[in-house]
Amino acid sequence: MTCYEELKARGLIAQVTNEDEIREMINAGKATFYIGYDCTADSLTAGHFVTLTLMKRLQQAGNKPIALIGGGTTTIGDPSGRTDMRKMLTREDIDHNAECFKRQMERFIEFGEGKAKMLNNADWLLNLNYVELLREVGACFSVNNMLRAECYKQRMEKGLSFLEFNYMIMQSYDFYHLFQTHGCNMQFGGNDQWSNMLGGTELIRRKLGKDAHCMTINLLTDSQGNKMGKTAGNAVWLDPNKTSPYDFYQYWRNIEDADVMKCVRWLTFLPLEQIDEMDQWTGSQLNQAKEILAWELTNMVHGTEEADKAQNAARALFMGGGDMSDVPSTTLNEGDLTGGSIGILDLMVQCKLAPSKKEARRLVEQGGVTVNDEKVSDPNTAYTADQLAGDGLMIRKGKKVFHKAAM
């Protein structure tokens with residue numbers, strides 16, 4: 001099966017321009033394509049998996065990825081999917097985040113001469129002359145058409161700043177610039193980016209002629225893609241210091257039954273024949289599919305050793321087998337105790353089971369915390385150094401989050 005047909009078979013493509021040309025170019029390994037990443041944090045999340053694995057698939061077929069860091073567009077903020085303005089970052093923050101992104105992307109794609117590139121649109125966007133931009137680029141955009149774009153519609157009632165209104169023009173200019181300076185002939189993006197991407201294609205054709213060979217592919221990332229990488233309001237990070245390999249594994253192991261095969265098809269590199277067989281699985285077999293998904297993705301991000309340890313820990317906790325030593329743990333010292341003990345709220349914060357004592361209190365009062373299989377109902381509960389000695393305490397948050405605390 002050719003690369004383009006595999007993308008379609010995996011359910012990744014929603015709509016495209018120039019499909020025949022796109023198919024031919026991708027299958028021949030002649031696409032130089034870009035995917036944009038606004039670097040608002042110092043780590044990618046599980047929600048970036050679709051584009052990371054896509055870049056890997058395309059590079060394996062001989063195509064050249066450009067990972068475009070939105071150092072310029074991040075200073076504006078994409079209104080898509082948002083109800084408020086994005087926090088402004090400094091250039092230093094953005095540069096730091098970009099470097100973190102590159103280290104994580106290197107687990108998926110190979111950078112170097114003739115291979116993948118990482119570029120930062122701050123290098124051209126921040127140097128633009130506003131009046132020249134209005135004359136040269138602004139004339140190519142219809143305000144009426146822009147207001148009909150889905151990315152703006154959802155913000156009109158809440159309020160859309162003129163700063164954010166420029167986002168489509170800036171993103172379109174990215175494709176125009178990359179087309180001229182890096183031979184970039186294709187762009188990929190989620191379905192919320194379709195209007196912005198079409199703007200870039202139209203800008204190239206209006207400025208450089210109707211025969212300019214530039215193409216746009218809209219990835220099929222529906223509500224699952226939008227929620228992917230978030231659990232209980234928190235992001236699932238690729239950085240192990242933010243989300244441990246065990247918690248990362250558990251996120252995918254606990255995915256909803258209705259989503260597991262979709263994610264196996266989208267995100268793993270398992271052969272399609274094997275996935276087609278798994279599509280017939282029902283009942284308890286779906287738990288096996290979830291284990292496969294969780295191990296494959298944890299292996300991609302954190303390596304085989306960490307994937308095995310996470311799987312062993314999960315089996316030890318939920319199936320009565322495996323090595324309990326792999327369960328996530330926190331080692332406390334005397335300085336963490338007050339008067340020889342530590343309260344459950346402080347303990348949960350210390351173990352990163354809650355971001356604050358307020359949130360820890362809420363979890364306790366709602367009956368969501370157990371320690372050594374006993375439900376904790378009093379937020380004033382405390383544990384002594386003797387209780388923390390040896391094997392320590394096994395804390396469970398909700399039904400599926402476990403953490404050991406010991407001294």
# chains A, B, ... in the order shown; residues from 1 in each chain; ligands from 1

$ select_by_dssp --residues "stretch 211-365 of chain A" --states "alpha helix (DSSP H)" --output "VMD selection string"
chain A and resid 223 to 227 245 to 253 257 to 267 272 to 278 285 to 302 304 to 318 344 to 350 357 to 365

$ residues_around --residues "stretch 118-128 of chain A" --least-positions-apart "5" --cutoff "10 Å" --atoms "only C-alpha atoms" --output "PDB file with C-alpha atoms, in the first residue's frame"
ATOM      1  CA  TYR A  34       4.989  21.880   7.137  1.00  0.00           C
ATOM      2  CA  GLY A  36       2.783  24.371  12.772  1.00  0.00           C
ATOM      3  CA  TYR A  37       3.254  24.224  16.537  1.00  0.00           C
ATOM      4  CA  ASP A  38       2.484  27.210  18.745  1.00  0.00           C
ATOM      5  CA  PRO A  65       8.981  17.617   7.120  1.00  0.00           C
ATOM      6  CA  ILE A  66       9.232  21.189   8.345  1.00  0.00           C
ATOM      7  CA  ALA A  67       8.270  21.545  11.991  1.00  0.00           C
ATOM      8  CA  LEU A  68       7.283  25.197  12.147  1.00  0.00           C
ATOM      9  CA  ILE A  69       7.524  26.758  15.569  1.00  0.00           C
ATOM     10  CA  GLY A  70       5.065  29.608  15.916  1.00  0.00           C
ATOM     11  CA  GLY A  71       7.376  32.075  17.621  1.00  0.00           C
ATOM     12  CA  GLY A  72       5.664  34.892  15.736  1.00  0.00           C
ATOM     13  CA  THR A  73       2.081  33.644  15.721  1.00  0.00           C
ATOM     14  CA  THR A  74       2.343  32.682  19.393  1.00  0.00           C
ATOM     15  CA  THR A  75       2.736  36.371  20.177  1.00  0.00           C
ATOM     16  CA  ARG A  91      10.859  35.699  22.987  1.00  0.00           C
ATOM     17  CA  ILE A  94       9.285  30.857  23.130  1.00  0.00           C
ATOM     18  CA  ASP A  95      12.892  29.989  22.217  1.00  0.00           C
ATOM     19  CA  ALA A  98      10.990  25.477  20.884  1.00  0.00           C
ATOM     20  CA  GLU A  99      14.200  23.768  21.988  1.00  0.00           C
ATOM     21  CA  PHE A 101       9.856  20.626  21.365  1.00  0.00           C
ATOM     22  CA  LYS A 102      12.786  19.713  19.116  1.00  0.00           C
ATOM     23  CA  MET A 105      10.302  15.529  18.103  1.00  0.00           C
ATOM     24  CA  PHE A 111      16.572  16.405  11.597  1.00  0.00           C
ATOM     25  CA  GLY A 112      19.570  17.373   9.494  1.00  0.00           C
ATOM     26  CA  LEU A 133       2.062  43.784   4.676  1.00  0.00           C
ATOM     27  CA  MET A 170      -0.079  35.515   9.605  1.00  0.00           C
ATOM     28  CA  GLN A 171      -0.575  31.761   9.168  1.00  0.00           C
ATOM     29  CA  TYR A 173       1.913  34.271   5.147  1.00  0.00           C
ATOM     30  CA  ASP A 174       3.848  31.377   6.707  1.00  0.00           C
ATOM     31  CA  HIS A 177       7.109  32.438   2.831  1.00  0.00           C
ATOM     32  CA  LEU A 178       7.963  28.723   3.147  1.00  0.00           C
TER      33      LEU A 178
END

$ closest_residue --among "A:Leu286, A:Leu297, A:Met146, A:Cys100" --to "A:Phe269" --atoms "only C-alpha atoms"
A:Leu297

$ closest_residue --among "A:Ile13, A:Ala406, A:Cys39, A:Leu54" --to "A:Asn333" --atoms "only C-alpha atoms"
A:Ala406

$ closest_residue --among "A:Lys357, A:Val236, A:Asn129, A:Phe402" --to "A:Phe49" --atoms "only C-alpha atoms"
A:Val236

$ closest_residue --among "A:Leu267, A:Phe179, A:Asp239, A:Ser142" --to "A:Leu7" --atoms "only C-alpha atoms"
A:Leu267

$ atom_distance --atom1 "atom CA of A:Gly367" --atom2 "atom CA of A:Leu393"
17.7 Å

$ residues_around --residues "stretch 270-279 of chain A" --least-positions-apart "4" --cutoff "10 Å" --atoms "only C-alpha atoms" --output "number ranges by chain"
A: 1, 6, 9-10, 260-262, 264-266, 285-286, 288-289, 292-293, 296

$ write_last_selection --atoms "C-alpha atoms" --output "PDB file, in the first residue's frame"
ATOM      1  CA  MET A   1       0.000   0.000   0.000  1.00  0.00           C
ATOM      2  CA  GLU A   6      -2.271   4.259   4.047  1.00  0.00           C
ATOM      3  CA  ALA A   9      -6.933   3.817   5.333  1.00  0.00           C
ATOM      4  CA  ARG A  10      -5.920   4.948   8.805  1.00  0.00           C
ATOM      5  CA  VAL A 260      -9.394   2.658  21.380  1.00  0.00           C
ATOM      6  CA  MET A 261      -9.365   1.264  17.834  1.00  0.00           C
ATOM      7  CA  LYS A 262      -9.495   4.741  16.329  1.00  0.00           C
ATOM      8  CA  VAL A 264      -4.635   2.359  17.378  1.00  0.00           C
ATOM      9  CA  ARG A 265      -5.299   3.119  13.712  1.00  0.00           C
ATOM     10  CA  TRP A 266      -4.288   6.796  13.886  1.00  0.00           C
ATOM     11  CA  GLN A 285     -10.483  -8.200  24.172  1.00  0.00           C
ATOM     12  CA  LEU A 286     -10.765  -4.402  24.124  1.00  0.00           C
ATOM     13  CA  GLN A 288      -5.951  -6.188  25.381  1.00  0.00           C
ATOM     14  CA  ALA A 289      -6.238  -3.586  22.594  1.00  0.00           C
ATOM     15  CA  ILE A 292      -1.260  -2.723  23.076  1.00  0.00           C
ATOM     16  CA  LEU A 293      -2.072   0.945  22.400  1.00  0.00           C
ATOM     17  CA  GLU A 296       3.160   1.161  21.733  1.00  0.00           C
TER      18      GLU A 296
END

$ residues_around --residues "A:Glu334" --least-positions-apart "2" --cutoff "12 Å" --atoms "only C-alpha atoms" --output "ChimeraX atom specification"
/A:331-332,336-342,384-386,388-389,406-407

$ residues_around --residues "A:Lys115" --least-positions-apart "3" --cutoff "12 Å" --atoms "only C-alpha atoms" --output "MDAnalysis selection string"
chainID A and resid 29 31:33 55:56 58:67 106 109:112 118

$ residues_around --residues "A:Ser377" --least-positions-apart "3" --cutoff "12 Å" --atoms "only C-alpha atoms" --output "count of residues only"
18

$ atom_distance --atom1 "atom CA of A:Lys207" --atom2 "atom CA of A:Val16"
21.1 Å

$ residues_around --residues "A:Asn196" --least-positions-apart "4" --cutoff "12 Å" --atoms "only C-alpha atoms" --output "ChimeraX atom specification"
/A:36,78-80,141,145-152,165-175,187-192,200-203,216-218

$ select_by_dssp --residues "stretch 7-124 of chain A" --states "strand (DSSP E or B)" --output "list in words"
Ile13, Ala14, Gln15, Val16, Thr32, Phe33, Tyr34, Ile35, Gly36, Tyr37, Thr45, Lys64, Pro65, Ile66, Ala67, Leu68, Ile69, Phe111, Ala116, Lys117, Met118, Leu119 and Asn120 of chain A
